[in-house]
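Trainee: Have a look at this one before I ask anything.
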Amino acid sequence: MSIFAIIIACLFSSNIILSNFLGICPFLGISKKPSNAIGMGLALTFVVTMSAIICFALEKYILVPLGLDFLQLVIFILVIAAFVQFVEFFMKKYLVSLYKALGIYLPLITTNCVVLFVAQKVAAYTELNGVITFEYTFINMLVYAIFTSLGYMLVITLFSFIRVRIDSNKETPEAFKGNSIALITTSLMALAFAAFMGLSL
Amino acid sequence: MKKLKIILNGIINENPTFVLFLGMCPVLATSSSIYSAIGMSACVFLVLLMSNISISLIAKFTPSEIRIPVYIVIIATIVTAVSLFVNAYAPGIYTTLGSYLQLIVVNCIILGRAESYASKNSVVNSIMDAIGISLGFFFALTIVAALREILGTGVITMKDLEGNVTSITRIIPLAKEDKVVYDALITEFKIGDVNSLKELISEYSNNGYNLSKITKELKVITDETYGTKEVVDALKLAANQSFSSPYEIGLLAQPSGAFLVLGFCVAGFNGARKAIANKKAAKAAESK
């Protein structure tokens with residue numbers, strides 16, 4: 001996999017929201033205001049990248065050598081929850097302005113499926129005759145984690161700009177108001193992003 | 001009676017997908033076929049039942065500051081057990097669901113019910129709540145999946161636990177001229193003469209039909225296995241993929257179709273729910 005191919009795939013053709021359907025709950029909940037969407041995207045990028053590095057290292061140097069792979073899920077979710085909590089404490093003390101900007105989005109990230117999905121994906125490996133090969137090298141893993149969350153941020157920010165208009169539209173039928181029309185609009189967005197799937201890299 | 005009400009509440013008034021908007025990711029991701037929808041709902045039911053039982057049992061002894069990490073570890077353990085179980089006894093479902101099976105851990109339905117219901121109620125009520133919420137999830141997911149599979153592909157494909165195709169039923173009819181070709185091919189499969197079937201396929205291919213999938217399947221088949229049920233099913237699948245009805249909407253099987261169908265289902269469900277509530281209120285006002 002070339003790095004450029006990973007970047008294009010993460011941002012457009014296999015976008016985490018529009019073609020993998022992950023992180024939909026915060027996507028619907030937080031896209032009501034553009035500033036919130038950007039804050040959520042930034043917080044997510046930070047947490048996804050750091051937890052991917054930690055989980056990748058844990059899987060490669062501790063879980064797989066010790067044969068504890070069946071504990072992967074429990075350990076990853078604990079690492080993510082602990083890491084989010086740690087980031088929150090750290091920011092509260094030393095990065096007050098950033099902490100105020102991100103606000104409530106930080107604790108919400110624990111239950112965002114993007115974080116766990118990326119951690120599990122970068123930790124994937126294949127075993128052939130006792131030789132274990134990891135699918136991602138360190139650099140590829142880092143690029144994948146950063147650009148997957150940037151792809152999330154791209155879609156949620158674009159969608160928040162559209163949503164401001166949708167919510168103030170008085171022509172929307174009563175039954176479609178709220179999340180229903182938001183989902184239908186997302187479908188049009190997914191259609192537009194699907195055009196990138198034809199790219200051969 | 002009261003227990004029944006808890007179940008009904010989970011299906012209608014607190015439907016996790018259509019009303020609470022919890023756990024939307026699996027609804028979008030595993031709604032491409034009815035088979036995967038049923039598999040996902042069964043897994044969610046198992047996890048939700050066990051997590052509701054264990055959390056309602058331990059809630060009293062858990063200090064409230066650390067309850068969320070405790071719940072998450074319990075849920076992660078249950079999901080690990082369920083995914084190992086599914087991998088062993090239903091490998092077909094395991095491969096269909098892929099990583100979404102493990103992502104049940106971060107499904108907000110499970111943690112949401114643990115926090116808002118199981119930790120405050122008795123074990124029996126929590127079991128009823130788990131049944132109701134999973135039924136509501138099953139109902140929502142299956143509606144979305146059925147709409148997407150039937151309107152998007154025109155057929156319903158059912159598989160067994162191993163992942164082998166057991167039946168393919170065409171719901172949306174083919175165009176008239178395609179139907180003739182399709183029927184001729186299927187009858188020929190059942191009779192079981194390889195050479196005449198090959199002739200038939202090459203004849204139709206020359207007439208401009210795209211039967212490359214069927215030809216590929218035929219190469220795999222030897223004379224011994226020809227005519228058995230599995231082979232006929234495999235060929236039927238290939239035939240169904242080679243033909244497409246002019247009435248089906250291929251877009252719905254795509255990722256963007258998932259958002260579209262779910263959006264319309266949400267609108268329909270909530271519209272109906274509100275209409276019924278309004279009627280009830282009008283009736284109550286009349287009787288007064």
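We name chains A, B, ... following the order of the structure tokens; residues begin at 1 in each chain, and ligands are numbered from 1 as shown.
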Sort by chain and increasing residue number a table of all residues of chain A within 8 Å of chain B, each with its closest pair of atoms and their distance in Å to one decimal, counting only C-alpha atoms, and write it as a tab-separated table.
Mentor:
```
residue	atom	partner	partner_atom	distance
A:Leu18	CA	B:Pro255	CA	7.0
A:Ser19	CA	B:Pro255	CA	5.7
A:Asn20	CA	B:Ala29	CA	7.0
A:Phe21	CA	B:Cys25	CA	5.4
A:Leu22	CA	B:Cys25	CA	5.5
A:Gly23	CA	B:Cys25	CA	6.8
A:Ile24	CA	B:Cys25	CA	5.7
A:Cys25	CA	B:Met24	CA	6.4
A:Phe70	CA	B:Thr80	CA	7.5
A:Leu71	CA	B:Thr80	CA	7.8
A:Leu73	CA	B:Ala76	CA	6.3
A:Val74	CA	B:Ala76	CA	5.2
A:Ile77	CA	B:Ala76	CA	7.4
A:Leu78	CA	B:Val73	CA	7.1
A:Ala81	CA	B:Pro69	CA	7.3
A:Thr111	CA	B:Val106	CA	5.2
A:Asn112	CA	B:Val106	CA	6.7
A:Cys113	CA	B:Val106	CA	5.7
A:Leu116	CA	B:Leu103	CA	7.4
A:Phe117	CA	B:Leu103	CA	7.2
A:Glu174	CA	B:Gly271	CA	7.9
A:Ala175	CA	B:Gly271	CA	4.9
A:Phe176	CA	B:Ala267	CA	5.0
A:Lys177	CA	B:Ala267	CA	8.0
A:Asn179	CA	B:Gly263	CA	7.5
A:Ser180	CA	B:Gly263	CA	4.5
A:Ile181	CA	B:Gly263	CA	6.4
A:Ala182	CA	B:Gly263	CA	7.5
A:Leu183	CA	B:Gly263	CA	4.9
A:Ile184	CA	B:Leu260	CA	4.8
A:Thr185	CA	B:Leu260	CA	8.0
A:Thr186	CA	B:Phe259	CA	6.5
A:Ser187	CA	B:Ser256	CA	4.5
A:Leu188	CA	B:Ser256	CA	6.9
A:Met189	CA	B:Ser256	CA	7.8
A:Ala190	CA	B:Ser256	CA	5.0
A:Leu191	CA	B:Ser256	CA	5.5
```
Trainee: Could you pull the residues within 10 Å of Tyr136 (chain A), counting only C-alpha atoms, minus those fewer than 5 positions along the same chain, as a ChimeraX atom specification?
Mentor: /A:1,56,121-125,141-142,144
Trainee: Need the shell around Phe147 (chain A): protein/DNA/RNA residues with any atom at most 8 Å away, counting only C-alpha atoms. Skip same-chain ones fewer than 4 positions apart. Format as a PyMOL selection string?
Mentor: chain A and resi 7+10-11+143+151
Trainee: List as a ChimeraX atom specification the protein and nucleic acid residues near Asn125 (chain B), meaning an atom at most 10 Å away when only C-alpha atoms are counted, but skip any in the same chain fewer than 3 places from it.
Mentor: /B:2-3,6-7,52-53,56,117-118,120-122,128-131
Trainee: Return as a list in words the full set of residues in region 112-228 of chain B whose backbone-based DSSP assignment is strand (DSSP E or B).
Mentor: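 The residues of region 112-228 of chain B classed as strand (DSSP E or B) are Val155, Ile156, Thr157, Met158, Lys159, Val165, Thr166, Ser167, Ile168, Thr169 and Arg170 of chain B.
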Trainee: So which one's closest to Ser51 (chain A), A:Phe193, A:Tyr152, A:Phe76, A:Phe89? Using only C-alpha atoms, please.
Mentor: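 Selected residue with least distance to Ser51 (chain A): A:Phe76.
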Trainee: Extract the full set of helix (DSSP H, G or I) residues from region 93-199 of chain A according to DSSP on the backbone, and format it as a VMD selection string.
Mentor: chain A and resid 93 to 94 96 to 102 105 to 111 113 to 122 138 to 167 174 to 176 179 to 198
Trainee: Since we have the selection now, will you write its residues out, keeping C-alpha atoms, as an mmCIF file, in the first residue's frame?
Mentor:
```cif
data_model
loop_
_atom_site.group_PDB
_atom_site.id
_atom_site.type_symbol
_atom_site.label_atom_id
_atom_site.label_comp_id
_atom_site.auth_asym_id
_atom_site.auth_seq_id
_atom_site.Cartn_x
_atom_site.Cartn_y
_atom_site.Cartn_z
ATOM 1 C CA LYS A 93 -4.442 21.244 34.057
ATOM 2 C CA TYR A 94 -2.059 22.360 31.297
ATOM 3 C CA VAL A 96 -6.978 25.044 29.574
ATOM 4 C CA SER A 97 -7.943 26.900 26.385
ATOM 5 C CA LEU A 98 -7.993 23.725 24.300
ATOM 6 C CA TYR A 99 -9.897 21.926 27.052
ATOM 7 C CA LYS A 100 -12.555 24.618 27.048
ATOM 8 C CA ALA A 101 -12.816 24.456 23.267
ATOM 9 C CA LEU A 102 -13.275 20.681 23.199
ATOM 10 C CA TYR A 105 -16.699 16.105 23.288
ATOM 11 C CA LEU A 106 -13.736 14.485 24.995
ATOM 12 C CA PRO A 107 -15.632 12.081 27.292
ATOM 13 C CA LEU A 108 -18.043 11.298 24.448
ATOM 14 C CA ILE A 109 -15.207 9.895 22.378
ATOM 15 C CA THR A 110 -14.883 6.747 24.520
ATOM 16 C CA THR A 111 -18.046 5.343 22.989
ATOM 17 C CA CYS A 113 -16.753 3.309 17.425
ATOM 18 C CA VAL A 114 -14.149 4.942 15.170
ATOM 19 C CA VAL A 115 -11.497 4.726 17.899
ATOM 20 C CA LEU A 116 -11.937 1.001 18.533
ATOM 21 C CA PHE A 117 -12.304 0.232 14.827
ATOM 22 C CA VAL A 118 -9.046 1.971 13.926
ATOM 23 C CA ALA A 119 -7.220 0.346 16.870
ATOM 24 C CA GLN A 120 -8.401 -3.117 15.829
ATOM 25 C CA LYS A 121 -7.687 -2.512 12.161
ATOM 26 C CA VAL A 122 -4.080 -1.374 12.643
ATOM 27 C CA PHE A 138 4.437 1.944 11.858
ATOM 28 C CA ILE A 139 4.378 4.737 9.250
ATOM 29 C CA ASN A 140 1.380 3.254 7.403
ATOM 30 C CA MET A 141 -0.436 2.839 10.712
ATOM 31 C CA LEU A 142 0.209 6.463 11.646
ATOM 32 C CA VAL A 143 -0.974 7.769 8.265
ATOM 33 C CA TYR A 144 -4.049 5.539 8.372
ATOM 34 C CA ALA A 145 -5.038 6.685 11.872
ATOM 35 C CA ILE A 146 -4.522 10.391 11.187
ATOM 36 C CA PHE A 147 -6.283 10.468 7.843
ATOM 37 C CA THR A 148 -9.188 8.270 8.906
ATOM 38 C CA SER A 149 -10.038 10.768 11.616
ATOM 39 C CA LEU A 150 -9.416 13.686 9.255
ATOM 40 C CA GLY A 151 -11.875 12.016 6.864
ATOM 41 C CA TYR A 152 -14.353 11.904 9.728
ATOM 42 C CA MET A 153 -13.729 15.576 10.434
ATOM 43 C CA LEU A 154 -14.122 16.472 6.752
ATOM 44 C CA VAL A 155 -17.527 14.802 6.451
ATOM 45 C CA ILE A 156 -18.886 16.012 9.791
ATOM 46 C CA THR A 157 -17.780 19.605 9.066
ATOM 47 C CA LEU A 158 -19.201 19.660 5.534
ATOM 48 C CA PHE A 159 -22.402 18.134 6.817
ATOM 49 C CA SER A 160 -22.732 20.674 9.637
ATOM 50 C CA PHE A 161 -22.704 23.503 7.077
ATOM 51 C CA ILE A 162 -25.504 21.770 5.159
ATOM 52 C CA ARG A 163 -27.402 21.036 8.346
ATOM 53 C CA VAL A 164 -27.637 24.683 9.382
ATOM 54 C CA ARG A 165 -29.645 25.200 6.205
ATOM 55 C CA ILE A 166 -31.743 22.057 6.603
ATOM 56 C CA ASP A 167 -32.761 22.906 10.148
ATOM 57 C CA GLU A 174 -43.388 17.307 9.748
ATOM 58 C CA ALA A 175 -42.485 13.598 9.839
ATOM 59 C CA PHE A 176 -39.107 14.146 8.178
ATOM 60 C CA ASN A 179 -32.673 13.059 12.091
ATOM 61 C CA SER A 180 -34.749 11.663 9.258
ATOM 62 C CA ILE A 181 -34.000 14.435 6.770
ATOM 63 C CA ALA A 182 -30.408 14.477 8.037
ATOM 64 C CA LEU A 183 -30.012 10.803 7.121
ATOM 65 C CA ILE A 184 -31.493 11.355 3.669
ATOM 66 C CA THR A 185 -29.108 14.260 3.081
ATOM 67 C CA THR A 186 -26.208 12.079 4.223
ATOM 68 C CA SER A 187 -27.248 9.560 1.608
ATOM 69 C CA LEU A 188 -26.811 12.197 -1.111
ATOM 70 C CA MET A 189 -23.410 13.023 0.340
ATOM 71 C CA ALA A 190 -22.456 9.339 0.320
ATOM 72 C CA LEU A 191 -23.478 9.207 -3.325
ATOM 73 C CA ALA A 192 -21.139 12.095 -4.116
ATOM 74 C CA PHE A 193 -18.252 10.520 -2.199
ATOM 75 C CA ALA A 194 -18.876 7.157 -3.906
ATOM 76 C CA ALA A 195 -17.694 8.763 -7.143
ATOM 77 C CA PHE A 196 -14.127 8.501 -5.785
ATOM 78 C CA MET A 197 -14.379 4.702 -5.685
ATOM 79 C CA GLY A 198 -13.524 4.486 -9.382
#
```
Trainee: How many Å lie between CA of Cys55 (chain A) and CA of Gln72 (chain A), rounded to one decimal?
Mentor: 9.1 Å
